[in-house]
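Next up, final.pdb (PDB, C-alpha atoms):
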```pdb
ATOM      1  CA  MET A  13      88.411 129.693  92.717
ATOM      2  CA  LYS A  14      88.080 126.676  95.050
ATOM      3  CA  THR A  15      87.603 124.423  92.014
ATOM      4  CA  MET A  16      90.810 125.759  90.477
ATOM      5  CA  ILE A  17      92.702 125.178  93.726
ATOM      6  CA  ARG A  18      91.401 121.616  93.956
ATOM      7  CA  LYS A  19      92.444 120.933  90.341
ATOM      8  CA  THR A  20      95.870 122.354  91.035
ATOM      9  CA  ILE A  21      96.300 120.111  94.092
ATOM     10  CA  VAL A  22      95.097 117.039  92.194
ATOM     11  CA  LEU A  23      97.473 117.722  89.308
ATOM     12  CA  ALA A  24     100.361 118.182  91.726
ATOM     13  CA  VAL A  25      99.581 114.873  93.449
ATOM     14  CA  LEU A  26      99.241 113.022  90.135
ATOM     15  CA  SER A  27     102.529 114.486  88.929
ATOM     16  CA  ALA A  28     104.267 113.311  92.082
ATOM     17  CA  MET A  29     102.727 109.856  91.712
ATOM     18  CA  SER A  30     103.750 109.568  88.047
ATOM     19  CA  PHE A  31     107.358 110.476  88.837
ATOM     20  CA  PRO A  32     109.320 107.218  89.221
ATOM     21  CA  LEU A  33     109.671 106.855  92.964
ATOM     22  CA  PHE A  34     112.608 104.460  92.664
ATOM     23  CA  ALA A  35     114.619 107.219  91.013
ATOM     24  CA  GLN A  36     114.727 108.921  94.424
ATOM     25  CA  ASP A  37     116.096 105.827  96.176
ATOM     26  CA  THR A  38     119.570 105.736  94.653
ATOM     27  CA  ASN A  39     121.084 106.469  98.065
ATOM     28  CA  ALA A  40     118.957 103.951  99.947
ATOM     29  CA  PRO A  41     120.730 101.151 101.868
ATOM     30  CA  LEU A  42     121.710  98.245  99.653
ATOM     31  CA  PRO A  43     119.883  94.941 100.104
ATOM     32  CA  THR A  44     121.864  91.873 101.081
ATOM     33  CA  ILE A  45     123.348  89.686  98.353
ATOM     34  CA  GLY A  46     121.323  86.749  99.677
ATOM     35  CA  LEU A  47     118.037  88.622  99.257
ATOM     36  CA  ILE A  48     119.013  89.794  95.767
ATOM     37  CA  LEU A  49     119.839  86.283  94.580
ATOM     38  CA  GLN A  50     116.605  84.948  96.057
ATOM     39  CA  ARG A  51     114.542  87.585  94.217
ATOM     40  CA  VAL A  52     116.450  87.028  90.967
ATOM     41  CA  VAL A  53     115.853  83.271  91.107
ATOM     42  CA  GLU A  54     112.142  83.952  91.666
ATOM     43  CA  ARG A  55     112.115  86.351  88.717
ATOM     44  CA  VAL A  56     113.652  83.728  86.416
ATOM     45  CA  LYS A  57     110.433  81.727  86.656
ATOM     46  CA  LYS A  58     108.618  84.603  84.924
ATOM     47  CA  GLU A  59     111.070  85.069  82.062
ATOM     48  CA  SER A  60     109.317  82.676  79.668
ATOM     49  CA  ASP A  61     106.015  84.488  80.173
ATOM     50  CA  ASN A  62     107.801  87.815  79.711
ATOM     51  CA  ASP A  63     109.385  86.734  76.412
ATOM     52  CA  ARG A  64     106.129  85.257  75.141
ATOM     53  CA  ALA A  65     104.165  88.419  75.955
ATOM     54  CA  PHE A  66     106.789  90.604  74.285
ATOM     55  CA  ASP A  67     106.696  88.556  71.074
ATOM     56  CA  GLU A  68     102.898  88.672  71.067
ATOM     57  CA  ARG A  69     102.722  92.445  71.451
ATOM     58  CA  TYR A  70     105.746  93.803  69.596
ATOM     59  CA  SER A  71     107.210  93.668  66.128
ATOM     60  CA  TYR A  72     110.935  94.183  65.615
ATOM     61  CA  LEU A  73     113.907  93.724  63.316
ATOM     62  CA  ARG A  74     116.837  91.634  64.513
ATOM     63  CA  THR A  75     120.217  92.059  62.811
ATOM     64  CA  LYS A  76     123.244  89.801  63.244
ATOM     65  CA  VAL A  77     126.792  90.391  62.063
ATOM     66  CA  THR A  78     129.586  87.831  62.444
ATOM     67  CA  GLU A  79     133.176  88.435  61.347
ATOM     68  CA  TYR A  80     135.990  85.880  61.218
ATOM     69  CA  ARG A  81     139.638  86.930  61.241
ATOM     70  CA  ASN A  82     142.933  85.078  61.197
ATOM     71  CA  SER A  83     145.610  85.429  63.863
ATOM     72  CA  ALA A  84     146.946  88.544  62.130
ATOM     73  CA  GLY A  85     143.550  90.210  62.364
ATOM     74  CA  GLU A  86     142.798  89.989  58.627
ATOM     75  CA  LEU A  87     139.091  89.676  57.838
ATOM     76  CA  LYS A  88     138.406  86.291  56.211
ATOM     77  CA  LYS A  89     134.630  86.091  56.336
ATOM     78  CA  HIS A  90     131.754  88.472  56.960
ATOM     79  CA  GLU A  91     128.171  87.312  57.582
ATOM     80  CA  GLU A  92     125.094  89.501  57.898
ATOM     81  CA  LYS A  93     121.646  88.189  58.712
ATOM     82  CA  SER A  94     118.387  89.876  59.586
ATOM     83  CA  SER A  95     114.904  88.723  60.460
ATOM     84  CA  VAL A  96     111.603  90.520  60.972
ATOM     85  CA  HIS A  97     109.257  89.519  63.767
ATOM     86  CA  ASP A  98     105.630  90.393  63.085
ATOM     87  CA  PRO A  99     103.117  89.053  65.638
ATOM     88  CA  PRO A 100     100.082  88.987  63.268
ATOM     89  CA  ALA A 101     102.079  87.056  60.653
ATOM     90  CA  ALA A 102     103.453  84.703  63.309
ATOM     91  CA  LYS A 103      99.913  83.758  64.417
ATOM     92  CA  HIS A 104      99.051  82.521  60.922
ATOM     93  CA  SER A 105     102.303  80.697  60.277
ATOM     94  CA  GLN A 106     102.624  76.941  60.216
ATOM     95  CA  PRO A 107     103.781  75.238  63.457
ATOM     96  CA  ASP A 108     107.029  74.134  61.817
ATOM     97  CA  ALA A 109     107.725  77.442  60.079
ATOM     98  CA  ALA A 110     110.301  78.518  62.650
ATOM     99  CA  LYS A 111     112.193  75.279  62.159
ATOM    100  CA  SER A 112     112.396  75.838  58.411
ATOM    101  CA  ASN A 113     113.774  79.363  58.858
ATOM    102  CA  PRO A 114     116.772  79.478  61.234
ATOM    103  CA  ASP A 115     116.693  83.282  61.299
ATOM    104  CA  SER A 116     113.212  83.232  62.839
ATOM    105  CA  GLU A 117     114.471  81.420  65.919
ATOM    106  CA  LYS A 118     115.517  83.364  68.994
ATOM    107  CA  SER A 119     119.171  82.456  68.674
ATOM    108  CA  GLU A 120     121.685  84.621  70.488
ATOM    109  CA  ALA A 121     124.609  83.634  68.263
ATOM    110  CA  VAL A 122     125.574  82.726  64.734
ATOM    111  CA  SER A 123     127.970  79.860  64.091
ATOM    112  CA  ASP A 124     130.223  79.122  61.139
ATOM    113  CA  THR A 125     129.340  75.652  59.857
ATOM    114  CA  HIS A 126     132.969  75.114  58.872
ATOM    115  CA  SER A 127     134.303  75.915  62.321
ATOM    116  CA  ASN A 128     134.609  73.940  65.519
ATOM    117  CA  VAL A 129     135.520  77.078  67.470
ATOM    118  CA  ARG A 130     132.204  78.854  67.138
ATOM    119  CA  GLY A 131     131.756  81.059  70.150
ATOM    120  CA  LYS A 132     128.230  79.775  70.682
ATOM    121  CA  GLN A 133     128.931  78.894  74.290
ATOM    122  CA  PHE A 134     126.941  81.686  75.961
ATOM    123  CA  LYS A 135     123.531  83.200  75.453
ATOM    124  CA  ARG A 136     121.358  85.377  77.623
ATOM    125  CA  ASP A 137     119.363  82.478  79.059
ATOM    126  CA  ASP A 138     122.579  80.919  80.390
ATOM    127  CA  PHE A 139     122.822  83.780  82.885
ATOM    128  CA  LEU A 140     119.255  83.668  84.152
ATOM    129  CA  LEU A 141     120.296  82.767  87.650
ATOM    130  CA  ASN A 142     118.946  79.523  89.030
ATOM    131  CA  GLN A 143     120.002  77.443  91.996
ATOM    132  CA  ASP A 144     122.592  75.601  89.904
ATOM    133  CA  LEU A 145     124.361  78.814  88.862
ATOM    134  CA  VAL A 146     124.125  80.244  92.370
ATOM    135  CA  ARG A 147     126.096  77.237  93.645
ATOM    136  CA  ARG A 148     128.784  77.649  90.976
ATOM    137  CA  PHE A 149     129.769  81.255  91.754
ATOM    138  CA  GLN A 150     130.802  83.512  94.570
ATOM    139  CA  PHE A 151     128.814  86.756  94.347
ATOM    140  CA  THR A 152     129.815  90.165  95.675
ATOM    141  CA  LEU A 153     127.531  93.191  95.733
ATOM    142  CA  ALA A 154     129.538  96.058  94.211
ATOM    143  CA  GLY A 155     127.005  98.874  94.461
ATOM    144  CA  ARG A 156     124.197 100.568  92.570
ATOM    145  CA  GLU A 157     124.114 102.264  89.148
ATOM    146  CA  LEU A 158     121.482 103.844  86.940
ATOM    147  CA  ILE A 159     120.773 101.782  83.819
ATOM    148  CA  GLY A 160     118.287 103.392  81.452
ATOM    149  CA  GLY A 161     117.236 105.750  84.216
ATOM    150  CA  ARG A 162     116.425 102.863  86.598
ATOM    151  CA  PRO A 163     118.507 101.851  89.632
ATOM    152  CA  ALA A 164     120.350  98.572  89.085
ATOM    153  CA  LEU A 165     122.382  96.552  91.572
ATOM    154  CA  THR A 166     125.873  95.663  90.318
ATOM    155  CA  ILE A 167     127.097  92.199  91.246
ATOM    156  CA  ASP A 168     130.546  90.735  90.589
ATOM    157  CA  PHE A 169     130.982  86.980  90.354
ATOM    158  CA  VAL A 170     133.834  84.478  90.164
ATOM    159  CA  PRO A 171     133.859  80.657  90.093
ATOM    160  CA  VAL A 172     133.481  79.238  93.576
ATOM    161  CA  SER A 173     135.811  76.327  92.789
ATOM    162  CA  LYS A 174     138.151  75.117  90.071
ATOM    163  CA  LYS A 175     136.595  71.655  90.239
ATOM    164  CA  MET A 176     132.950  71.937  89.273
ATOM    165  CA  PRO A 177     130.853  69.318  87.427
ATOM    166  CA  GLU A 178     131.240  69.463  83.636
ATOM    167  CA  ARG A 179     128.338  67.666  81.985
ATOM    168  CA  ASN A 180     128.810  69.305  78.594
ATOM    169  CA  LEU A 181     130.776  71.935  76.673
ATOM    170  CA  LYS A 182     128.629  74.746  78.067
ATOM    171  CA  ASP A 183     129.600  73.751  81.606
ATOM    172  CA  ARG A 184     133.288  74.025  80.713
ATOM    173  CA  PHE A 185     132.773  77.651  79.732
ATOM    174  CA  ILE A 186     130.437  78.634  82.556
ATOM    175  CA  ASN A 187     132.719  77.077  85.192
ATOM    176  CA  LYS A 188     135.560  79.306  84.008
ATOM    177  CA  ALA A 189     133.502  82.492  83.603
ATOM    178  CA  ALA A 190     133.693  85.620  85.732
ATOM    179  CA  GLY A 191     132.439  89.155  85.390
ATOM    180  CA  ARG A 192     129.665  91.510  86.430
ATOM    181  CA  VAL A 193     125.882  91.519  86.073
ATOM    182  CA  TRP A 194     123.402  94.316  86.662
ATOM    183  CA  VAL A 195     120.047  93.531  88.300
ATOM    184  CA  ASP A 196     117.107  95.912  88.007
ATOM    185  CA  GLU A 197     116.292  96.881  91.585
ATOM    186  CA  ALA A 198     112.530  97.069  91.019
ATOM    187  CA  ASP A 199     111.942  93.998  88.829
ATOM    188  CA  TYR A 200     114.988  91.911  89.869
ATOM    189  CA  CYS A 201     115.762  90.806  86.319
ATOM    190  CA  LEU A 202     119.185  90.840  84.684
ATOM    191  CA  VAL A 203     119.464  93.937  82.527
ATOM    192  CA  LYS A 204     123.146  93.820  81.604
ATOM    193  CA  ALA A 205     126.108  91.438  81.747
ATOM    194  CA  ASP A 206     129.846  91.582  81.063
ATOM    195  CA  VAL A 207     131.461  88.142  81.151
ATOM    196  CA  HIS A 208     134.940  86.833  80.374
ATOM    197  CA  LEU A 209     136.906  83.601  80.648
ATOM    198  CA  THR A 210     139.351  83.191  83.497
ATOM    199  CA  GLN A 211     141.122  80.188  81.945
ATOM    200  CA  LYS A 212     141.613  78.531  78.585
ATOM    201  CA  VAL A 213     138.883  76.101  77.577
ATOM    202  CA  SER A 214     139.639  73.011  75.513
ATOM    203  CA  VAL A 215     137.145  72.145  72.790
ATOM    204  CA  GLY A 216     137.051  68.467  71.935
ATOM    205  CA  PHE A 217     139.476  67.618  74.771
ATOM    206  CA  GLY A 218     142.228  69.657  73.155
ATOM    207  CA  LEU A 219     142.255  67.667  69.911
ATOM    208  CA  VAL A 220     139.920  69.931  67.940
ATOM    209  CA  GLY A 221     140.821  73.279  69.410
ATOM    210  CA  ALA A 222     140.850  75.643  72.343
ATOM    211  CA  VAL A 223     139.442  79.022  73.330
ATOM    212  CA  TRP A 224     141.678  81.280  75.387
ATOM    213  CA  LYS A 225     139.713  84.525  75.188
ATOM    214  CA  PHE A 226     135.972  85.017  75.220
ATOM    215  CA  ASP A 227     134.293  88.293  76.182
ATOM    216  CA  TYR A 228     130.514  88.347  76.190
ATOM    217  CA  GLY A 229     127.881  90.929  77.015
ATOM    218  CA  PHE A 230     124.228  91.770  76.578
ATOM    219  CA  GLU A 231     121.921  94.667  77.410
ATOM    220  CA  ARG A 232     118.175  94.639  77.981
ATOM    221  CA  GLU A 233     115.546  97.364  78.028
ATOM    222  CA  ARG A 234     112.093  97.680  79.549
ATOM    223  CA  THR A 235     108.987  98.632  77.593
ATOM    224  CA  ASP A 236     106.372 101.048  78.912
ATOM    225  CA  ASP A 237     104.112  98.103  79.761
ATOM    226  CA  GLY A 238     106.791  96.426  81.881
ATOM    227  CA  LEU A 239     108.231  93.817  79.499
ATOM    228  CA  TRP A 240     111.966  93.253  79.098
ATOM    229  CA  PHE A 241     113.745  92.498  75.817
ATOM    230  CA  THR A 242     117.364  92.035  74.751
ATOM    231  CA  ARG A 243     118.451  95.149  72.883
ATOM    232  CA  GLY A 244     121.954  93.958  72.006
ATOM    233  CA  VAL A 245     124.402  91.058  72.265
ATOM    234  CA  ASN A 246     128.145  91.268  71.602
ATOM    235  CA  TRP A 247     130.974  88.805  71.962
ATOM    236  CA  HIS A 248     134.611  88.402  70.960
ATOM    237  CA  LEU A 249     136.398  85.058  70.752
ATOM    238  CA  GLU A 250     140.009  84.087  70.172
ATOM    239  CA  GLY A 251     140.968  80.462  69.831
ATOM    240  CA  ARG A 252     142.509  77.639  67.843
ATOM    241  CA  GLU A 253     140.804  75.206  65.500
ATOM    242  CA  VAL A 254     143.109  72.247  64.889
ATOM    243  CA  VAL A 255     146.232  74.180  63.784
ATOM    244  CA  PHE A 256     144.632  77.483  62.738
ATOM    245  CA  ASN A 257     144.115  80.405  65.089
ATOM    246  CA  ARG A 258     141.041  82.509  64.564
ATOM    247  CA  LYS A 259     139.245  85.531  66.001
ATOM    248  CA  VAL A 260     135.477  85.919  65.847
ATOM    249  CA  ASP A 261     133.337  88.975  66.558
ATOM    250  CA  TYR A 262     129.564  88.860  66.830
ATOM    251  CA  HIS A 263     127.108  91.753  67.103
ATOM    252  CA  GLU A 264     123.359  91.416  67.422
ATOM    253  CA  LYS A 265     120.801  94.231  67.679
ATOM    254  CA  MET A 266     117.055  94.497  67.991
ATOM    255  CA  ILE A 267     115.704  97.645  66.331
ATOM    256  CA  ASP A 268     112.448  99.146  65.010
ATOM    257  CA  ILE A 269     110.551  97.897  68.035
ATOM    258  CA  ARG A 270     106.856  98.720  67.765
ATOM    259  CA  ARG A 271     103.785  97.871  69.806
ATOM    260  CA  THR A 272     101.338  96.057  67.508
ATOM    261  CA  ALA A 273      98.835  94.436  69.885
ATOM    262  CA  SER A 274      97.042  95.438  73.067
TER     263      SER A 274
END
```
Could you spell out this file's structure in structure tokens?
Amino acid sequence: MKTMIRKTIVLAVLSAMSFPLFAQDTNAPLPTIGLILQRVVERVKKESDNDRAFDERYSYLRTKVTEYRNSAGELKKHEEKSSVHDPPAAKHSQPDAAKSNPDSEKSEAVSDTHSNVRGKQFKRDDFLLNQDLVRRFQFTLAGRELIGGRPALTIDFVPVSKKMPERNLKDRFINKAAGRVWVDEADYCLVKADVHLTQKVSVGFGLVGAVWKFDYGFERERTDDGLWFTRGVNWHLEGREVVFNRKVDYHEKMIDIRRTAS
């Protein structure tokens, strides 16, 4: 009888320990925005190791769909691409194999080789907060939400100034971006982002084209062993290339994710 009671107590304790404790903290006081940004910047330093470990342990299928429309919304071009990532096969591949197969690279966007308005201005790594990005934006803590059953801190951001350094085309877009990001409260990594342009961006100093609408977003998920991966990427662009207006939609998904290595 005493043995049964002890087993019952042990099982109850283990059950309580296995229940995600952070799920009970959704009403806890919010941390300061300064502390959040500090932790996120520290987390960024681990992202390369996270991505490398995920690719070593998991196989997956990545699909990409890009659609080009004219100003009237008529579909003019449809592209579909897919690539399979298999860790065992990757270990035996040649060092330059990824370069010979563009689909094997970890690109977050697909560009039309006949277009100068490509929509390839943002990717997930561009929003891994570092000190440079922290200086460019004003951040406001909006609250806390559950993302995938895990508490995430919601943060709104806007450009801190209209006159920020523009070293390249990417800077022109980032300096005019605003939106919201979600930060996992336990791991302090970005798990979701919704970004949009606040102003028109000239491409090629206005001679080649311009982009007046660009909405971008991504979502990430966490594996059971604590690794994060990008489940989906979506963006919508509207702009002008020389004298032609165009609309571009891009959708990327990672599916059939399977653990293949210990």
Can you write out as JSON lines which residues of region 200-274 of chain A fall within 10 Å of region 163-172 of chain A, alongside each residue's closest atom pair and its distance in Å to one decimal, counting all atoms listed in the file and ordering rows by chain and ascending residue number?
```
{"residue": "A:Tyr200", "atom": "CA", "partner": "A:Ala164", "partner_atom": "CA", "distance": 8.6}
{"residue": "A:Cys201", "atom": "CA", "partner": "A:Ala164", "partner_atom": "CA", "distance": 9.4}
{"residue": "A:Leu202", "atom": "CA", "partner": "A:Ala164", "partner_atom": "CA", "distance": 9.0}
{"residue": "A:Val203", "atom": "CA", "partner": "A:Ala164", "partner_atom": "CA", "distance": 8.1}
{"residue": "A:Lys204", "atom": "CA", "partner": "A:Ala164", "partner_atom": "CA", "distance": 9.3}
{"residue": "A:Ala205", "atom": "CA", "partner": "A:Thr166", "partner_atom": "CA", "distance": 9.6}
{"residue": "A:Asp206", "atom": "CA", "partner": "A:Asp168", "partner_atom": "CA", "distance": 9.6}
{"residue": "A:Val207", "atom": "CA", "partner": "A:Phe169", "partner_atom": "CA", "distance": 9.3}
{"residue": "A:Thr210", "atom": "CA", "partner": "A:Val170", "partner_atom": "CA", "distance": 8.7}
```
When the PyMOL selection byres ((chain A and resi 237) around 12) is applied to the structure above, which residues does it catch, written out as a tab-separated table (two decimals) with C-alpha atoms, in the coordinates of the input?
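Contents of expr31.tsv, freshly written:
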```
chain	number	residue	atom	x	y	z
A	62	ASN	CA	107.80	87.82	79.71
A	65	ALA	CA	104.16	88.42	75.96
A	66	PHE	CA	106.79	90.60	74.28
A	69	ARG	CA	102.72	92.44	71.45
A	70	TYR	CA	105.75	93.80	69.60
A	233	GLU	CA	115.55	97.36	78.03
A	234	ARG	CA	112.09	97.68	79.55
A	235	THR	CA	108.99	98.63	77.59
A	236	ASP	CA	106.37	101.05	78.91
A	238	GLY	CA	106.79	96.43	81.88
A	239	LEU	CA	108.23	93.82	79.50
A	240	TRP	CA	111.97	93.25	79.10
A	241	PHE	CA	113.74	92.50	75.82
A	271	ARG	CA	103.78	97.87	69.81
A	273	ALA	CA	98.84	94.44	69.89
A	274	SER	CA	97.04	95.44	73.07
```
Check what the PyMOL selection byres ((chain A and resi 262-268) around 7) selects in the file above and give those residues as an mmCIF file with C-alpha atoms, in the coordinates of the input.
```cif
data_model
loop_
_atom_site.group_PDB
_atom_site.id
_atom_site.type_symbol
_atom_site.label_atom_id
_atom_site.label_comp_id
_atom_site.auth_asym_id
_atom_site.auth_seq_id
_atom_site.Cartn_x
_atom_site.Cartn_y
_atom_site.Cartn_z
ATOM 1 C CA TYR A 72 110.935 94.183 65.615
ATOM 2 C CA LEU A 73 113.907 93.724 63.316
ATOM 3 C CA ARG A 74 116.837 91.634 64.513
ATOM 4 C CA THR A 75 120.217 92.059 62.811
ATOM 5 C CA LYS A 76 123.244 89.801 63.244
ATOM 6 C CA VAL A 77 126.792 90.391 62.063
ATOM 7 C CA THR A 78 129.586 87.831 62.444
ATOM 8 C CA GLU A 79 133.176 88.435 61.347
ATOM 9 C CA ARG A 243 118.451 95.149 72.883
ATOM 10 C CA GLY A 244 121.954 93.958 72.006
ATOM 11 C CA VAL A 245 124.402 91.058 72.265
ATOM 12 C CA ASN A 246 128.145 91.268 71.602
ATOM 13 C CA TRP A 247 130.974 88.805 71.962
ATOM 14 C CA HIS A 248 134.611 88.402 70.960
ATOM 15 C CA VAL A 260 135.477 85.919 65.847
ATOM 16 C CA ASP A 261 133.337 88.975 66.558
ATOM 17 C CA ILE A 269 110.551 97.897 68.035
ATOM 18 C CA ARG A 270 106.856 98.720 67.765
#
```
**OP:** Using the chain letters and numbers from the file, give me the residues hit by the PyMOL selection byres ((chain A and resi 226) around 7), as a VMD selection string.
**Re:** chain A and resid 208 to 209 224 to 225 227 to 228 248 to 250
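Closest approach to Phe151 (chain A) among A:Lys175, A:Lys259, A:Arg55, A:Arg192 is made by A:Arg192 (distances from only C-alpha atoms).
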Original post:
Taking (143.8, 76.3, 65.0) in the file's coordinates as the center, which residues reach within 9 Å of it, counting all atoms listed in the file, put as an MDAnalysis selection string?
Top reply: chainID A and resid 129 220:222 251:258
Please enclose the listed atoms of region 183-202 of chain A in an axis-aligned box, pad each side by 8 Å, and write out the centre and the three edge lengths in Å, rounded to one decimal, as JSON.
```
{"center_x": 123.8, "center_y": 85.4, "center_z": 85.7, "size_x": 39.6, "size_y": 39.3, "size_z": 27.9}
```
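Between Val96 (chain A) and the candidates A:Trp194, A:Ser71, A:Lys58, A:Thr44, the tightest atom-to-atom separation, counting all atoms listed in the file, involves A:Ser71.
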Original post:
Rounded to one decimal in Å, what is the spacing between CA of Ser94 (chain A) and CA of Thr242 (chain A)?
Top reply: 15.4 Å
**OP:** Please identify all polymer residues within 12 Å of region 146-149 of chain A, counting all atoms listed in the file, omitting same-chain residues fewer than 6 positions from it, and present them as a VMD selection string.
**Re:** chain A and resid 45 to 46 48 to 50 52 to 53 139 to 140 167 to 178 183 to 192
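The space separating CA of Asp199 (chain A) from CA of Leu153 (chain A) comes to 17.1 Å.
Proximity of A:Asp98, A:Lys182, A:Val223, A:Leu158 to Asp67 (chain A), computed with all atoms listed in the file, is greatest for A:Asp98.
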